[in-house]
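Everything on this sheet refers to the single structure shown next.
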Amino acid sequence: MKAAYYQGKESIAVAECRPVAPGAGQVQIAVSHCGICGTDVHLYHGRMDHRVKMPQVIGHEMSGTIVSVGDSVAGYAPGDRVTVRPLDPCGECPACRNGHSHICMKLKFIGIDAPGALQALWTVPAHTLHRIPANLSLEQAALIEPIAVACHDVRMGELKAGEYAVVQGGGPIGTLVALVARAYGARVLVTEVNPFRVELARSLGLAVADPRSVDVVKLVEDQTGGAGADVVFEVSGSAAGAELMTKLPRVRGRMVMVAIFADQPKVDLFRFFWRELKLVGARVYEPEDFEAAIALAARGAIPIDSIITKRLPIEEITEGFHEIERGGAVMKILIECGGR
Ligand SMILES: [Zn+2]
Ligand SMILES: [Zn+2]
């Protein structure tokens with residue numbers, strides 16, 4: 001039984017897993033699969049060292065089977081297949097008291113601020129659990145967490161069936177936002193520059209434009225009878241994306257800020273006044289977003305198998321990080337954690 005320990009910038013050691021017996025209100029999970037997320041790459045590059053206690057197991061996009069439950073855990077038993085909503089809010093701050101515990105002011109993100117899922121046996125609070133339906137494999141269920149991100153983004157954008165959405169950025173989250181938007185009946189355009197990701201999105205039946213060679217403002221106007229997009233999702237995190245974002249929405253259109261910008265980008269504020277635009281931020285997810293993601297996945301509305309571009313045993317996890325750093329032909333990489 002192995003675990004992947006982050007031990008400082010660009011260094012991960014795979015060593016024996018040190019299981020923690022579940023205490024009151026906790027369960028222990030045999031982790032099947034865990035995806036590598038953009039946040040994990042950020043962490044791997046040493047940019048979150050102030051939050052991790054090294055050496056620490058990271059990872060949070062997972063699936064697995066409960067092996068044991070602690071005292072006072074109701075509704076879950078060994079053998080249950082589950083995924084984890086990796087948020088541990090304080091329950092007492094103003095945000096928590098106002099019902100926004102997913103953006104708790106002292107939020108602990110499990111996998112960054114507490115040990116994560118890249119290990120054979122993982123102990124977590126039972127309040128984080130969601131059940132995996134029988135018709136999803138454990139491999140597929142490892143994508144429920146990023147699909148829940150996309151469900152939250154689409155919900156925050158108040159996207160309705162028949163509306164026109166632009167998704168700026170066709171990486172794993174952008175592609176999932178586009179697929180969730182389509183599943184809810186929206187017309188979707190993805191903007192992306194990486195040729196592999198452009199082709200992958202096209203193979204999933206999505207309309208894609210490379211903003212370096214296509215006039216996206218004109219394309220969106222042409223496709224909306226001159227009105228503009230109902231909703232724009234900014235997932236690229238690029239200066240060009242921030243600049244383009246406000247040029248695409250219709251009068252009273254909405255924008256959803258999904259990307260995490262390292263530097264403050266230039267944004268055309270004039271457009272907010274001119275078209276009465278709305279901008280909303282979207283961070284992680286709430287329980288209903290996990291349930292929505294599970295429902296979409298279970299009815300086959302998201303082509304999960306096509307998003308997974310590689311599976312690696314936990315011993316080869318560093319190769320997974322290197323592949324994402326190199327870019328190119330990569331979407332979602334899953335790590336086999338060996339917990340059954
Ligand atoms: Zn993630
Ligand atoms: Zn709180």
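Following the order of the structure tokens, first chain is A, next is B, and so on, with residues numbered from 1 inside each chain and ligands from 1 in the order they appear.
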Worksheet item: Hey, what's within 8 Å of A:Val217 if we count only C-alpha atoms and toss same-chain stuff fewer than 2 positions away? As a ChimeraX atom specification, please?
Response: /A:215,219-221,247-248
Discussion item. Within 12 Å of ligand 2 (counting only C-alpha atoms and all ligand atoms), which residues show up? I'd like them as a ChimeraX atom specification.
Written reply: /A:87-109
Practice prompt. Just list the residues in stretch 222-301 of chain A DSSP gives helix (DSSP H, G or I) on the backbone, as a ChimeraX atom specification.
Written response: /A:222-223,239-245,270-275,287-298
Using C-alpha atoms, can you export the residues from the last selection as an mmCIF file, in the first residue's frame?
```
data_model
loop_
_atom_site.group_PDB
_atom_site.id
_atom_site.type_symbol
_atom_site.label_atom_id
_atom_site.label_comp_id
_atom_site.auth_asym_id
_atom_site.auth_seq_id
_atom_site.Cartn_x
_atom_site.Cartn_y
_atom_site.Cartn_z
ATOM 1 C CA ASP A 222 -22.973 36.169 -36.298
ATOM 2 C CA GLN A 223 -24.255 33.198 -34.300
ATOM 3 C CA ALA A 239 -4.593 38.187 -20.179
ATOM 4 C CA ALA A 240 -6.114 37.733 -23.643
ATOM 5 C CA GLY A 241 -9.112 35.948 -22.102
ATOM 6 C CA ALA A 242 -9.715 38.735 -19.574
ATOM 7 C CA GLU A 243 -9.518 41.293 -22.368
ATOM 8 C CA LEU A 244 -11.918 39.414 -24.662
ATOM 9 C CA MET A 245 -14.408 38.449 -21.940
ATOM 10 C CA PHE A 270 -16.468 50.461 -20.002
ATOM 11 C CA ARG A 271 -18.430 47.485 -21.348
ATOM 12 C CA PHE A 272 -20.050 46.933 -17.927
ATOM 13 C CA PHE A 273 -21.651 50.366 -18.127
ATOM 14 C CA TRP A 274 -22.411 50.230 -21.847
ATOM 15 C CA ARG A 275 -24.245 46.904 -21.786
ATOM 16 C CA PRO A 287 -23.416 19.661 -2.089
ATOM 17 C CA GLU A 288 -26.127 20.185 -4.735
ATOM 18 C CA ASP A 289 -23.417 20.623 -7.391
ATOM 19 C CA PHE A 290 -21.990 17.204 -6.494
ATOM 20 C CA GLU A 291 -25.471 15.702 -6.730
ATOM 21 C CA ALA A 292 -26.012 17.416 -10.117
ATOM 22 C CA ALA A 293 -22.637 16.117 -11.343
ATOM 23 C CA ILE A 294 -23.443 12.581 -10.204
ATOM 24 C CA ALA A 295 -26.855 12.727 -11.919
ATOM 25 C CA LEU A 296 -25.359 13.989 -15.214
ATOM 26 C CA ALA A 297 -22.585 11.373 -15.130
ATOM 27 C CA ALA A 298 -25.020 8.582 -14.261
#
```
Worksheet entry | Selection as a PyMOL selection string: residues within 12 Å of ligand 1 by only C-alpha atoms and all ligand atoms | chain A and resi 34-43+58-62+84-87+109-112+116-117+142-150+172-173+283-285+332-333
Expected file contents, prior selection, C-alpha atoms, as an mmCIF file, in the first residue's frame:
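As written to disk, part.cif reads:
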```cif
data_model
loop_
_atom_site.group_PDB
_atom_site.id
_atom_site.type_symbol
_atom_site.label_atom_id
_atom_site.label_comp_id
_atom_site.auth_asym_id
_atom_site.auth_seq_id
_atom_site.Cartn_x
_atom_site.Cartn_y
_atom_site.Cartn_z
ATOM 1 C CA CYS A 34 -7.355 10.131 -8.075
ATOM 2 C CA GLY A 35 -7.080 12.721 -10.840
ATOM 3 C CA ILE A 36 -4.309 15.315 -11.063
ATOM 4 C CA CYS A 37 -5.866 18.787 -10.989
ATOM 5 C CA GLY A 38 -4.502 22.210 -11.977
ATOM 6 C CA THR A 39 -4.406 23.040 -8.272
ATOM 7 C CA ASP A 40 -2.167 20.014 -7.645
ATOM 8 C CA VAL A 41 0.220 21.238 -10.361
ATOM 9 C CA HIS A 42 0.275 24.676 -8.727
ATOM 10 C CA LEU A 43 1.046 23.004 -5.412
ATOM 11 C CA ILE A 58 -2.037 15.707 -1.759
ATOM 12 C CA GLY A 59 -4.876 15.053 -4.266
ATOM 13 C CA HIS A 60 -8.653 15.464 -4.078
ATOM 14 C CA GLU A 61 -10.391 14.227 -7.288
ATOM 15 C CA MET A 62 -11.059 10.692 -6.186
ATOM 16 C CA VAL A 84 -15.451 13.062 -1.448
ATOM 17 C CA ARG A 85 -16.378 16.774 -1.557
ATOM 18 C CA PRO A 86 -13.030 17.867 -0.126
ATOM 19 C CA LEU A 87 -14.175 20.868 1.915
ATOM 20 C CA PHE A 109 -9.462 22.309 1.502
ATOM 21 C CA ILE A 110 -8.766 18.619 2.074
ATOM 22 C CA GLY A 111 -5.778 17.661 -0.089
ATOM 23 C CA ILE A 112 -4.062 21.025 0.514
ATOM 24 C CA GLY A 116 -5.230 14.199 0.439
ATOM 25 C CA ALA A 117 -6.360 11.228 -1.612
ATOM 26 C CA ALA A 142 -12.940 10.107 -10.061
ATOM 27 C CA LEU A 143 -14.184 12.853 -12.413
ATOM 28 C CA ILE A 144 -17.248 13.744 -10.340
ATOM 29 C CA GLU A 145 -15.307 16.419 -8.431
ATOM 30 C CA PRO A 146 -14.230 18.398 -11.524
ATOM 31 C CA ILE A 147 -17.714 17.896 -13.059
ATOM 32 C CA ALA A 148 -19.130 19.374 -9.819
ATOM 33 C CA VAL A 149 -16.879 22.416 -10.355
ATOM 34 C CA ALA A 150 -18.430 22.793 -13.816
ATOM 35 C CA PRO A 172 -10.267 19.906 -18.302
ATOM 36 C CA ILE A 173 -12.499 22.386 -16.428
ATOM 37 C CA ARG A 283 -15.356 28.956 -6.375
ATOM 38 C CA VAL A 284 -15.475 25.195 -5.764
ATOM 39 C CA TYR A 285 -18.960 23.730 -5.209
ATOM 40 C CA LYS A 332 -7.239 14.391 -17.450
ATOM 41 C CA ILE A 333 -4.621 12.058 -15.946
#
```
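Here the question is which of A:Val57, A:Ala301, A:Val198, A:Ala207 gets nearest to A:Trp122 using only C-alpha atoms, and that residue is A:Val57.
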Fill in: Residue contacts of A:Gln7 (8 Å, only C-alpha atoms) excluding same-chain residues fewer than 2 positions away, as a ChimeraX atom specification
/A:5,9,11-13,54-56
